[in-house]
>>> print(open('my_file01.cif').read())   # mmCIF, C-alpha atoms and all ligand atoms
data_run
loop_
_atom_site.group_PDB
_atom_site.id
_atom_site.type_symbol
_atom_site.label_atom_id
_atom_site.label_comp_id
_atom_site.auth_asym_id
_atom_site.auth_seq_id
_atom_site.Cartn_x
_atom_site.Cartn_y
_atom_site.Cartn_z
ATOM 1 C CA MET O 1 84.958 82.172 127.577
ATOM 2 C CA PRO O 2 86.401 82.192 131.093
ATOM 3 C CA PRO O 3 84.469 85.075 132.739
ATOM 4 C CA GLU O 4 87.555 86.327 134.556
ATOM 5 C CA LEU O 5 88.950 87.479 131.208
ATOM 6 C CA ALA O 6 86.240 90.129 130.794
ATOM 7 C CA GLY O 7 87.734 93.502 131.605
ATOM 8 C CA THR O 8 91.240 92.387 130.639
ATOM 9 C CA GLU O 9 93.159 93.809 127.709
ATOM 10 C CA VAL O 10 94.797 92.234 124.657
ATOM 11 C CA GLY O 11 97.660 94.129 123.080
ATOM 12 C CA VAL O 12 97.745 93.720 119.297
ATOM 13 C CA TYR O 13 100.652 94.652 117.050
ATOM 14 C CA SER O 14 99.379 94.573 113.486
ATOM 15 C CA GLY O 15 101.016 94.944 110.095
ATOM 16 C CA ARG O 16 97.519 95.262 108.615
ATOM 17 C CA HIS O 17 96.020 98.719 108.521
ATOM 18 C CA TYR O 18 92.399 98.765 107.465
ATOM 19 C CA ASN O 19 89.572 100.580 109.243
ATOM 20 C CA THR O 20 87.360 97.543 108.978
ATOM 21 C CA ASP O 21 89.867 95.586 111.097
ATOM 22 C CA LYS O 22 89.092 98.005 113.918
ATOM 23 C CA GLU O 23 85.371 97.303 113.560
ATOM 24 C CA LEU O 24 86.097 93.637 114.086
ATOM 25 C CA TYR O 25 88.161 94.294 117.203
ATOM 26 C CA LYS O 26 85.229 96.328 118.519
ATOM 27 C CA GLU O 27 82.876 93.442 117.853
ATOM 28 C CA PHE O 28 85.242 91.138 119.751
ATOM 29 C CA THR O 29 85.179 93.514 122.736
ATOM 30 C CA GLU O 30 81.384 93.631 122.661
ATOM 31 C CA ARG O 31 81.220 89.848 122.655
ATOM 32 C CA THR O 32 83.837 89.145 125.310
ATOM 33 C CA GLY O 33 84.385 92.264 127.398
ATOM 34 C CA ILE O 34 88.082 92.055 126.492
ATOM 35 C CA GLU O 35 89.567 95.362 125.348
ATOM 36 C CA VAL O 36 91.862 95.458 122.321
ATOM 37 C CA LYS O 37 94.801 97.815 122.438
ATOM 38 C CA LEU O 38 96.033 98.210 118.886
ATOM 39 C CA LEU O 39 99.344 99.359 117.478
ATOM 40 C CA GLU O 40 99.610 99.390 113.690
ATOM 41 C CA ALA O 41 102.916 99.775 111.871
ATOM 42 C CA LYS O 42 104.916 98.170 109.072
ATOM 43 C CA ASP O 43 105.509 94.461 109.586
ATOM 44 C CA ASP O 44 109.281 94.613 109.865
ATOM 45 C CA ALA O 45 109.127 97.553 112.286
ATOM 46 C CA LEU O 46 106.746 95.608 114.514
ATOM 47 C CA ILE O 47 108.983 92.540 114.461
ATOM 48 C CA GLU O 48 111.944 94.678 115.468
ATOM 49 C CA ARG O 49 109.971 96.477 118.155
ATOM 50 C CA LEU O 50 108.723 93.241 119.692
ATOM 51 C CA ARG O 51 112.236 91.839 119.712
ATOM 52 C CA SER O 52 113.715 94.878 121.435
ATOM 53 C CA GLU O 53 110.886 95.131 123.973
ATOM 54 C CA GLY O 54 111.392 91.488 124.972
ATOM 55 C CA GLU O 55 109.586 90.535 128.168
ATOM 56 C CA ASN O 56 108.273 94.075 128.634
ATOM 57 C CA SER O 57 106.315 94.162 125.384
ATOM 58 C CA PRO O 58 102.631 95.088 125.755
ATOM 59 C CA ALA O 59 101.825 92.933 122.705
ATOM 60 C CA ASP O 60 99.918 89.691 123.212
ATOM 61 C CA LEU O 61 99.142 89.044 119.553
ATOM 62 C CA LEU O 62 101.327 89.782 116.528
ATOM 63 C CA VAL O 63 99.539 90.093 113.168
ATOM 64 C CA LEU O 64 101.747 89.969 110.068
ATOM 65 C CA VAL O 65 101.295 89.928 106.332
ATOM 66 C CA ASP O 66 103.015 87.207 104.268
ATOM 67 C CA ALA O 67 104.244 83.739 105.227
ATOM 68 C CA ALA O 68 107.863 84.896 104.988
ATOM 69 C CA ARG O 69 107.379 87.467 107.731
ATOM 70 C CA LEU O 70 105.536 85.003 109.957
ATOM 71 C CA ASP O 71 108.464 82.645 109.487
ATOM 72 C CA LYS O 72 110.953 85.413 110.291
ATOM 73 C CA ALA O 73 109.183 86.220 113.579
ATOM 74 C CA THR O 74 109.082 82.497 114.361
ATOM 75 C CA ARG O 75 112.821 82.129 113.839
ATOM 76 C CA MET O 76 113.339 85.082 116.195
ATOM 77 C CA ASP O 77 111.261 83.202 118.789
ATOM 78 C CA LEU O 78 108.654 85.960 119.000
ATOM 79 C CA PHE O 79 105.691 83.558 119.142
ATOM 80 C CA GLN O 80 104.576 80.877 121.590
ATOM 81 C CA PRO O 81 102.582 77.802 120.596
ATOM 82 C CA THR O 82 98.811 77.976 121.026
ATOM 83 C CA GLU O 83 96.677 74.898 121.509
ATOM 84 C CA SER O 84 93.172 75.379 120.259
ATOM 85 C CA PRO O 85 90.745 72.871 118.741
ATOM 86 C CA ALA O 86 88.836 75.810 117.224
ATOM 87 C CA LEU O 87 91.929 77.066 115.376
ATOM 88 C CA GLN O 88 92.790 73.526 114.255
ATOM 89 C CA GLN O 89 89.334 73.278 112.790
ATOM 90 C CA ASP O 90 88.989 76.739 111.234
ATOM 91 C CA VAL O 91 92.494 77.133 109.806
ATOM 92 C CA PRO O 92 93.457 74.557 107.144
ATOM 93 C CA ALA O 93 96.710 72.754 107.980
ATOM 94 C CA GLU O 94 98.624 74.261 105.044
ATOM 95 C CA LEU O 95 97.773 77.774 106.268
ATOM 96 C CA ARG O 96 99.176 77.472 109.795
ATOM 97 C CA ASP O 97 102.424 76.644 111.569
ATOM 98 C CA SER O 98 102.731 72.932 112.368
ATOM 99 C CA GLN O 99 103.681 73.823 115.959
ATOM 100 C CA GLY O 100 100.812 76.247 116.493
ATOM 101 C CA ARG O 101 102.963 79.371 116.676
ATOM 102 C CA TRP O 102 100.953 81.222 114.009
ATOM 103 C CA PHE O 103 97.723 80.801 112.100
ATOM 104 C CA GLY O 104 96.623 82.132 108.726
ATOM 105 C CA LEU O 105 93.630 84.478 108.849
ATOM 106 C CA THR O 106 93.179 85.567 105.237
ATOM 107 C CA ARG O 107 94.323 84.309 101.826
ATOM 108 C CA ARG O 108 95.782 86.429 99.048
ATOM 109 C CA VAL O 109 96.616 85.273 95.530
ATOM 110 C CA ARG O 110 99.563 86.557 93.522
ATOM 111 C CA ALA O 111 98.106 86.296 90.039
ATOM 112 C CA VAL O 112 98.671 87.652 86.536
ATOM 113 C CA ILE O 113 97.074 90.780 85.107
ATOM 114 C CA VAL O 114 96.858 91.328 81.384
ATOM 115 C CA ASN O 115 96.040 94.234 79.096
ATOM 116 C CA PRO O 116 94.026 92.381 76.427
ATOM 117 C CA GLU O 117 94.889 95.004 73.809
ATOM 118 C CA LEU O 118 98.523 93.935 74.030
ATOM 119 C CA VAL O 119 98.448 90.322 75.147
ATOM 120 C CA ASP O 120 95.836 87.640 74.585
ATOM 121 C CA PRO O 121 94.836 86.512 78.105
ATOM 122 C CA ALA O 122 94.155 82.996 76.768
ATOM 123 C CA THR O 123 97.894 82.557 76.086
ATOM 124 C CA ILE O 124 98.666 82.650 79.820
ATOM 125 C CA THR O 125 97.500 79.782 81.983
ATOM 126 C CA THR O 126 100.542 79.185 84.214
ATOM 127 C CA TYR O 127 103.367 81.234 85.736
ATOM 128 C CA ALA O 128 105.684 79.437 83.309
ATOM 129 C CA ASP O 129 103.901 81.136 80.389
ATOM 130 C CA LEU O 130 105.443 84.446 81.491
ATOM 131 C CA THR O 131 108.727 83.299 79.964
ATOM 132 C CA LYS O 132 107.273 83.048 76.437
ATOM 133 C CA PRO O 133 109.497 84.950 73.984
ATOM 134 C CA GLU O 134 106.503 86.823 72.518
ATOM 135 C CA LEU O 135 106.171 88.632 75.856
ATOM 136 C CA LYS O 136 109.578 90.252 75.410
ATOM 137 C CA GLY O 137 109.306 93.900 76.450
ATOM 138 C CA LYS O 138 105.733 93.387 77.593
ATOM 139 C CA LEU O 139 106.289 91.789 80.990
ATOM 140 C CA CYS O 140 106.591 94.057 84.031
ATOM 141 C CA LEU O 141 107.693 92.883 87.449
ATOM 142 C CA ARG O 142 107.954 94.331 90.907
ATOM 143 C CA ASN O 143 111.463 94.187 92.332
ATOM 144 C CA SER O 144 112.941 91.274 94.259
ATOM 145 C CA LYS O 145 112.861 93.172 97.561
ATOM 146 C CA SER O 146 109.131 92.516 97.557
ATOM 147 C CA VAL O 147 108.417 89.776 100.055
ATOM 148 C CA TYR O 148 105.419 88.849 97.874
ATOM 149 C CA ASN O 149 107.735 88.004 94.993
ATOM 150 C CA GLN O 150 110.145 86.191 97.302
ATOM 151 C CA SER O 151 107.298 84.007 98.520
ATOM 152 C CA LEU O 152 106.171 83.347 94.956
ATOM 153 C CA VAL O 153 109.675 82.174 94.045
ATOM 154 C CA ALA O 154 109.914 80.070 97.226
ATOM 155 C CA ASP O 155 106.612 78.499 96.262
ATOM 156 C CA GLN O 156 107.850 77.645 92.763
ATOM 157 C CA MET O 157 111.083 76.180 94.191
ATOM 158 C CA ILE O 158 109.018 73.852 96.383
ATOM 159 C CA GLN O 159 106.895 72.708 93.438
ATOM 160 C CA GLN O 160 109.338 72.711 90.525
ATOM 161 C CA GLY O 161 112.753 72.411 92.160
ATOM 162 C CA ASP O 162 115.662 74.862 92.109
ATOM 163 C CA ASP O 163 116.852 74.382 88.519
ATOM 164 C CA ALA O 164 113.462 74.765 86.894
ATOM 165 C CA THR O 165 112.704 77.809 89.056
ATOM 166 C CA LYS O 166 116.019 79.388 88.106
ATOM 167 C CA GLY O 167 115.201 78.878 84.437
ATOM 168 C CA TRP O 168 111.768 80.369 85.004
ATOM 169 C CA VAL O 169 113.105 83.480 86.742
ATOM 170 C CA GLN O 170 115.767 83.982 84.063
ATOM 171 C CA GLY O 171 113.147 83.579 81.350
ATOM 172 C CA MET O 172 110.955 86.221 82.930
ATOM 173 C CA VAL O 173 113.824 88.610 83.546
ATOM 174 C CA ALA O 174 114.739 88.301 79.856
ATOM 175 C CA ASN O 175 111.256 89.576 79.000
ATOM 176 C CA VAL O 176 111.490 92.642 81.250
ATOM 177 C CA GLU O 177 112.708 95.795 79.519
ATOM 178 C CA GLN O 178 111.427 98.391 81.980
ATOM 179 C CA PRO O 179 112.705 99.265 85.437
ATOM 180 C CA PHE O 180 111.382 96.943 88.116
ATOM 181 C CA PHE O 181 108.453 98.459 89.995
ATOM 182 C CA THR O 182 108.509 99.171 93.727
ATOM 183 C CA SER O 183 104.844 98.415 94.356
ATOM 184 C CA ASP O 184 101.869 96.666 92.793
ATOM 185 C CA THR O 185 99.494 99.603 92.294
ATOM 186 C CA PRO O 186 101.669 101.700 89.935
ATOM 187 C CA MET O 187 102.476 98.497 88.057
ATOM 188 C CA SER O 188 98.764 97.748 87.656
ATOM 189 C CA ARG O 189 98.254 101.262 86.307
ATOM 190 C CA ALA O 190 101.119 100.751 83.848
ATOM 191 C CA VAL O 191 99.501 97.589 82.504
ATOM 192 C CA ALA O 192 96.128 99.342 82.178
ATOM 193 C CA LYS O 193 97.746 102.220 80.280
ATOM 194 C CA GLY O 194 99.519 99.837 77.931
ATOM 195 C CA ASP O 195 103.038 100.636 79.136
ATOM 196 C CA CYS O 196 103.200 96.957 80.049
ATOM 197 C CA GLY O 197 101.144 94.107 78.645
ATOM 198 C CA VAL O 198 101.301 91.741 81.571
ATOM 199 C CA ALA O 199 102.410 91.717 85.225
ATOM 200 C CA VAL O 200 102.227 89.718 88.441
ATOM 201 C CA VAL O 201 100.264 91.295 91.306
ATOM 202 C CA ASN O 202 98.264 90.488 94.410
ATOM 203 C CA THR O 203 94.668 90.611 93.261
ATOM 204 C CA TYR O 204 93.503 92.787 96.171
ATOM 205 C CA TYR O 205 95.342 95.759 94.630
ATOM 206 C CA VAL O 206 93.265 95.428 91.464
ATOM 207 C CA ALA O 207 90.113 94.885 93.529
ATOM 208 C CA ARG O 208 90.890 98.030 95.538
ATOM 209 C CA MET O 209 91.213 100.028 92.316
ATOM 210 C CA LEU O 210 88.014 98.520 90.915
ATOM 211 C CA SER O 211 86.072 99.253 94.092
ATOM 212 C CA GLY O 212 86.658 102.967 93.608
ATOM 213 C CA GLU O 213 88.558 103.215 96.910
ATOM 214 C CA ASN O 214 91.520 104.762 95.084
ATOM 215 C CA GLY O 215 89.382 107.227 93.129
ATOM 216 C CA ALA O 216 87.599 107.355 89.774
ATOM 217 C CA GLU O 217 90.723 107.334 87.625
ATOM 218 C CA ASP O 218 92.067 104.108 89.118
ATOM 219 C CA LYS O 219 88.639 102.556 88.872
ATOM 220 C CA GLU O 220 88.512 103.247 85.167
ATOM 221 C CA LEU O 221 92.057 101.985 84.646
ATOM 222 C CA ALA O 222 91.412 98.758 86.540
ATOM 223 C CA GLY O 223 88.404 98.142 84.311
ATOM 224 C CA LYS O 224 90.844 97.601 81.437
ATOM 225 C CA LEU O 225 92.659 94.787 83.212
ATOM 226 C CA LYS O 226 91.957 91.095 82.926
ATOM 227 C CA VAL O 227 92.903 89.045 85.990
ATOM 228 C CA VAL O 228 94.240 85.606 85.097
ATOM 229 C CA PHE O 229 94.635 83.014 87.853
ATOM 230 C CA PRO O 230 97.500 80.705 86.903
ATOM 231 C CA ASP O 231 96.547 77.058 87.248
ATOM 232 C CA PRO O 232 97.445 76.263 89.969
ATOM 233 C CA SER O 233 97.760 79.571 91.818
ATOM 234 C CA HIS O 234 100.196 80.732 94.484
ATOM 235 C CA VAL O 235 98.312 81.508 97.701
ATOM 236 C CA ASN O 236 99.857 83.510 100.520
ATOM 237 C CA ILE O 237 98.375 84.590 103.848
ATOM 238 C CA SER O 238 98.143 87.221 106.493
ATOM 239 C CA GLY O 239 98.187 85.625 109.918
ATOM 240 C CA ALA O 240 98.884 85.994 113.593
ATOM 241 C CA GLY O 241 100.278 84.284 116.655
ATOM 242 C CA VAL O 242 100.370 84.746 120.413
ATOM 243 C CA THR O 243 103.594 86.472 121.428
ATOM 244 C CA ARG O 244 106.315 84.728 123.423
ATOM 245 C CA HIS O 245 105.970 87.092 126.387
ATOM 246 C CA ALA O 246 102.218 87.721 126.223
ATOM 247 C CA SER O 247 100.785 88.777 129.573
ATOM 248 C CA ASN O 248 97.284 87.789 128.403
ATOM 249 C CA PRO O 249 97.818 84.689 126.226
ATOM 250 C CA GLU O 250 94.303 83.418 126.904
ATOM 251 C CA GLY O 251 92.755 86.694 125.735
ATOM 252 C CA ALA O 252 95.029 86.644 122.687
ATOM 253 C CA ARG O 253 93.934 83.102 121.893
ATOM 254 C CA LEU O 254 90.281 84.108 122.083
ATOM 255 C CA LEU O 255 90.878 87.013 119.711
ATOM 256 C CA LEU O 256 92.773 84.723 117.354
ATOM 257 C CA GLU O 257 89.901 82.237 117.440
ATOM 258 C CA PHE O 258 87.429 85.004 116.718
ATOM 259 C CA LEU O 259 89.447 86.319 113.768
ATOM 260 C CA ALA O 260 89.838 82.811 112.318
ATOM 261 C CA SER O 261 86.167 81.923 112.775
ATOM 262 C CA PRO O 262 83.956 82.047 109.681
ATOM 263 C CA THR O 263 82.309 85.267 110.944
ATOM 264 C CA GLY O 264 85.433 87.128 112.030
ATOM 265 C CA GLY O 265 87.533 85.808 109.181
ATOM 266 C CA LYS O 266 85.085 86.936 106.553
ATOM 267 C CA GLY O 267 85.297 90.500 107.825
ATOM 268 C CA TYR O 268 89.064 90.400 108.081
ATOM 269 C CA ALA O 269 89.342 89.229 104.466
ATOM 270 C CA GLU O 270 86.771 91.639 103.094
ATOM 271 C CA ALA O 271 88.526 94.607 104.664
ATOM 272 C CA ASN O 272 91.361 94.227 102.190
ATOM 273 C CA ASN O 273 89.624 92.490 99.289
ATOM 274 C CA GLU O 274 91.308 89.250 100.280
ATOM 275 C CA TYR O 275 89.895 85.731 100.345
ATOM 276 C CA PRO O 276 88.720 84.079 103.561
ATOM 277 C CA LEU O 277 90.379 80.869 104.769
ATOM 278 C CA SER O 278 87.946 78.818 102.739
ATOM 279 C CA GLY O 279 85.729 79.699 99.832
ATOM 280 C CA TYR O 280 85.603 83.053 98.091
ATOM 281 C CA GLY O 281 83.622 85.271 100.488
ATOM 282 C CA ASP O 282 80.941 87.774 99.550
ATOM 283 C CA ASN O 283 83.043 90.512 97.972
ATOM 284 C CA GLU O 284 81.293 91.473 94.726
ATOM 285 C CA VAL O 285 84.456 92.788 93.069
ATOM 286 C CA LEU O 286 86.329 89.552 93.772
ATOM 287 C CA LYS O 287 83.490 87.552 92.274
ATOM 288 C CA THR O 288 84.163 89.200 88.912
ATOM 289 C CA PHE O 289 87.656 87.633 88.921
ATOM 290 C CA GLY O 290 86.261 84.103 88.944
ATOM 291 C CA THR O 291 87.728 81.172 90.826
ATOM 292 C CA PHE O 292 91.250 79.861 91.347
ATOM 293 C CA LYS O 293 92.837 76.554 92.227
ATOM 294 C CA ALA O 294 95.330 76.823 95.108
ATOM 295 C CA ASN O 295 98.536 74.870 94.535
ATOM 296 C CA GLY O 296 98.479 73.560 98.107
ATOM 297 C CA VAL O 297 102.049 74.596 99.027
ATOM 298 C CA SER O 298 102.085 75.196 102.774
ATOM 299 C CA ALA O 299 102.712 78.658 104.150
ATOM 300 C CA GLU O 300 105.230 77.181 106.586
ATOM 301 C CA GLN O 301 107.280 75.569 103.809
ATOM 302 C CA MET O 302 107.176 78.777 101.830
ATOM 303 C CA GLY O 303 108.404 80.805 104.792
ATOM 304 C CA THR O 304 111.344 78.537 105.516
ATOM 305 C CA LYS O 305 112.417 78.720 101.859
ATOM 306 C CA ASN O 306 112.588 82.529 101.867
ATOM 307 C CA GLN O 307 116.370 82.934 102.125
ATOM 308 C CA ASP O 308 116.965 80.421 99.339
ATOM 309 C CA ALA O 309 114.441 82.259 97.189
ATOM 310 C CA VAL O 310 116.186 85.592 97.736
ATOM 311 C CA ALA O 311 119.536 84.041 96.767
ATOM 312 C CA LEU O 312 118.057 82.462 93.643
ATOM 313 C CA MET O 313 116.476 85.751 92.571
ATOM 314 C CA GLN O 314 119.740 87.608 93.024
ATOM 315 C CA ALA O 315 121.663 84.975 91.088
ATOM 316 C CA SER O 316 119.115 85.096 88.260
ATOM 317 C CA GLY O 317 119.012 88.831 87.610
ATOM 318 C CA TRP O 318 115.717 89.725 89.336
ATOM 319 C CA LYS O 319 116.632 93.248 90.402
HETATM 320 FE FE FE O 401 100.053 94.386 100.108
#
>>> encode(input="my_file01.cif", output="structure tokens")
Amino acid sequence: MPPELAGTEVGVYSGRHYNTDKELYKEFTERTGIEVKLLEAKDDALIERLRSEGENSPADLLVLVDAARLDKATRMDLFQPTESPALQQDVPAELRDSQGRWFGLTRRVRAVIVNPELVDPATITTYADLTKPELKGKLCLRNSKSVYNQSLVADQMIQQGDDATKGWVQGMVANVEQPFFTSDTPMSRAVAKGDCGVAVVNTYYVARMLSGENGAEDKELAGKLKVVFPDPSHVNISGAGVTRHASNPEGARLLLEFLASPTGGKGYAEANNEYPLSGYGDNEVLKTFGTFKANGVSAEQMGTKNQDAVALMQASGWK
């Protein structure tokens, strides 16, 4: 590290909000002498804030959740490219921007959860299986405003093409007889209680319930769920990039490198029961879910397909 950076400050705007993230920033400061000034808020609010602050923004690093949001900030020119052999090495190509404007830091899988009393988990091995007529009235979905669902649809469009994806969405919508949910946790509870038989969620929500973080009742409910990784699975990311008007881009790069490194990245992933950039990490709850096969669709491709995905969902009845 260039010694002149010790004593400088890196401003971080983060859409992640986990106490363990703060521990990692502290560790970075201990290692480098660079202070981290953190502002946490919702992703879209941070994007808007950075845009309106322009050159005067105190943010050097912008951390966002979901490829679609990273793409949105990129289109608004909120990032600058970062050249770093360490980032090239630690972040797989499909999990970073091809021009170095952002880099994935953690992986999250949008998988299927099943209540085995209502649906045989063995009957679901792909996302396409969610259109099976025997799931009529048993499938629950979160609404189409969810960027997680938008990215899942974008991902399917890239793999299967527009027509097949449209058929898939329509098939799922035909199986939904309940109001669309507004978040993953209540939907997971509904599956556990048998109000739904099957749903699509990010696995860290189930892991959070299982860990006891949400209380004893959620822990017990989550114990009734079976997580099924579709083969292959849709993998999304949280990630970060150096801001366009960073006053300390070098410090921001060092923090980015630390967070993407096997040590830093492991902590970042564990904080939210997510998966590190490679492998499965040490989280005991996640180990109980077993392994998944990533479909290899790049986060960049997924992000650029977001608007098309939203249009397809609207045209296909995904409320
Ligand atoms: Fe989330």
>>> closest_residue(input="my_file01.cif", among="O:Arg75, O:His234, O:Arg31, O:Lys37", to="Gly11 of chain O", atoms="only C-alpha atoms")
O:Lys37
>>> resolve_selection(input="my_file01.cif", expression="the PyMOL selection byres (((chain O and resi 134) around 12) and not hetatm)", output="list of chain:residue names")
O:Leu118, O:Val119, O:Asp120, O:Thr123, O:Ile124, O:Asp129, O:Leu130, O:Thr131, O:Lys132, O:Pro133, O:Leu135, O:Lys136, O:Gly137, O:Lys138, O:Leu139, O:Gly171, O:Met172, O:Ala174, O:Asn175, O:Val176, O:Gly197, O:Val198
>>> closest_residue(input="my_file01.cif", among="O:Ser316, O:Ser144, O:Ser233, O:Thr29", to="Gln159 of chain O", atoms="only C-alpha atoms")
O:Ser233
>>> residues_near_ligand(input="my_file01.cif", ligand="ligand FE 401 (chain O)", cutoff="10 Å", atoms="all atoms listed in the file", output="list of chain:residue names")
O:Arg16, O:Val65, O:Asp66, O:Arg108, O:Ser146, O:Val147, O:Tyr148, O:Ser183, O:Asp184, O:Thr185, O:Val201, O:Asn202, O:Thr203, O:Tyr204, O:Tyr205, O:Ser238, O:Asn272
>>> resolve_selection(input="my_file01.cif", expression="the PyMOL selection byres (((chain O and resi 48-64) around 7) and not hetatm)", output="PyMOL selection string")
chain O and resi 10-16+43-47+65-66+69-70+78+238-243+245-249+252
>>> decode(input="my_file01.cif", residues="segment 37-54 of chain O", atoms="N, CA, C and O atoms", output="mmCIF file, in the first residue's frame")
data_model
loop_
_atom_site.group_PDB
_atom_site.id
_atom_site.type_symbol
_atom_site.label_atom_id
_atom_site.label_comp_id
_atom_site.auth_asym_id
_atom_site.auth_seq_id
_atom_site.Cartn_x
_atom_site.Cartn_y
_atom_site.Cartn_z
ATOM 1 N N LYS O 37 -15.549 6.026 6.093
ATOM 2 C CA LYS O 37 -16.709 6.812 6.512
ATOM 3 C C LYS O 37 -17.928 6.229 5.801
ATOM 4 O O LYS O 37 -18.027 6.283 4.579
ATOM 5 N N LEU O 38 -18.824 5.653 6.592
ATOM 6 C CA LEU O 38 -19.894 4.840 6.016
ATOM 7 C C LEU O 38 -21.245 5.539 6.060
ATOM 8 O O LEU O 38 -21.631 6.126 7.069
ATOM 9 N N LEU O 39 -21.947 5.469 4.942
ATOM 10 C CA LEU O 39 -23.358 5.876 4.922
ATOM 11 C C LEU O 39 -24.153 4.702 4.366
ATOM 12 O O LEU O 39 -23.904 4.241 3.248
ATOM 13 N N GLU O 40 -25.093 4.200 5.168
ATOM 14 C CA GLU O 40 -25.928 3.089 4.708
ATOM 15 C C GLU O 40 -27.343 3.595 4.437
ATOM 16 O O GLU O 40 -27.896 4.342 5.239
ATOM 17 N N ALA O 41 -27.897 3.172 3.328
ATOM 18 C CA ALA O 41 -29.286 3.524 2.997
ATOM 19 C C ALA O 41 -29.763 2.535 1.943
ATOM 20 O O ALA O 41 -29.008 1.647 1.520
ATOM 21 N N LYS O 42 -31.007 2.683 1.508
ATOM 22 C CA LYS O 42 -31.516 1.800 0.454
ATOM 23 C C LYS O 42 -30.783 2.087 -0.859
ATOM 24 O O LYS O 42 -30.441 3.243 -1.145
ATOM 25 N N ASP O 43 -30.581 1.024 -1.623
ATOM 26 C CA ASP O 43 -29.791 1.147 -2.858
ATOM 27 C C ASP O 43 -30.232 2.294 -3.754
ATOM 28 O O ASP O 43 -29.419 3.101 -4.185
ATOM 29 N N ASP O 44 -31.543 2.357 -4.037
ATOM 30 C CA ASP O 44 -31.998 3.364 -4.991
ATOM 31 C C ASP O 44 -31.831 4.779 -4.439
ATOM 32 O O ASP O 44 -31.547 5.710 -5.189
ATOM 33 N N ALA O 45 -31.971 4.924 -3.122
ATOM 34 C CA ALA O 45 -31.772 6.235 -2.495
ATOM 35 C C ALA O 45 -30.309 6.661 -2.620
ATOM 36 O O ALA O 45 -30.007 7.833 -2.869
ATOM 37 N N LEU O 46 -29.412 5.707 -2.471
ATOM 38 C CA LEU O 46 -27.982 6.023 -2.578
ATOM 39 C C LEU O 46 -27.614 6.419 -4.004
ATOM 40 O O LEU O 46 -26.841 7.353 -4.221
ATOM 41 N N ILE O 47 -28.184 5.698 -4.962
ATOM 42 C CA ILE O 47 -27.927 6.013 -6.375
ATOM 43 C C ILE O 47 -28.378 7.449 -6.654
ATOM 44 O O ILE O 47 -27.656 8.251 -7.246
ATOM 45 N N GLU O 48 -29.568 7.776 -6.185
ATOM 46 C CA GLU O 48 -30.121 9.102 -6.417
ATOM 47 C C GLU O 48 -29.282 10.176 -5.714
ATOM 48 O O GLU O 48 -28.996 11.239 -6.270
ATOM 49 N N ARG O 49 -28.877 9.877 -4.510
ATOM 50 C CA ARG O 49 -28.070 10.825 -3.739
ATOM 51 C C ARG O 49 -26.722 11.103 -4.429
ATOM 52 O O ARG O 49 -26.305 12.253 -4.564
ATOM 53 N N LEU O 50 -26.092 10.046 -4.877
ATOM 54 C CA LEU O 50 -24.797 10.189 -5.548
ATOM 55 C C LEU O 50 -24.952 11.018 -6.829
ATOM 56 O O LEU O 50 -24.121 11.884 -7.131
ATOM 57 N N ARG O 51 -26.027 10.766 -7.551
ATOM 58 C CA ARG O 51 -26.269 11.503 -8.775
ATOM 59 C C ARG O 51 -26.438 12.993 -8.480
ATOM 60 O O ARG O 51 -25.849 13.851 -9.131
ATOM 61 N N SER O 52 -27.253 13.298 -7.450
ATOM 62 C CA SER O 52 -27.531 14.712 -7.193
ATOM 63 C C SER O 52 -26.323 15.413 -6.559
ATOM 64 O O SER O 52 -26.128 16.597 -6.758
ATOM 65 N N GLU O 53 -25.506 14.687 -5.833
ATOM 66 C CA GLU O 53 -24.315 15.313 -5.242
ATOM 67 C C GLU O 53 -23.238 15.600 -6.289
ATOM 68 O O GLU O 53 -22.432 16.513 -6.115
ATOM 69 N N GLY O 54 -23.227 14.801 -7.353
ATOM 70 C CA GLY O 54 -22.263 15.016 -8.440
ATOM 71 C C GLY O 54 -20.830 15.075 -7.935
ATOM 72 O O GLY O 54 -20.401 14.239 -7.142
#
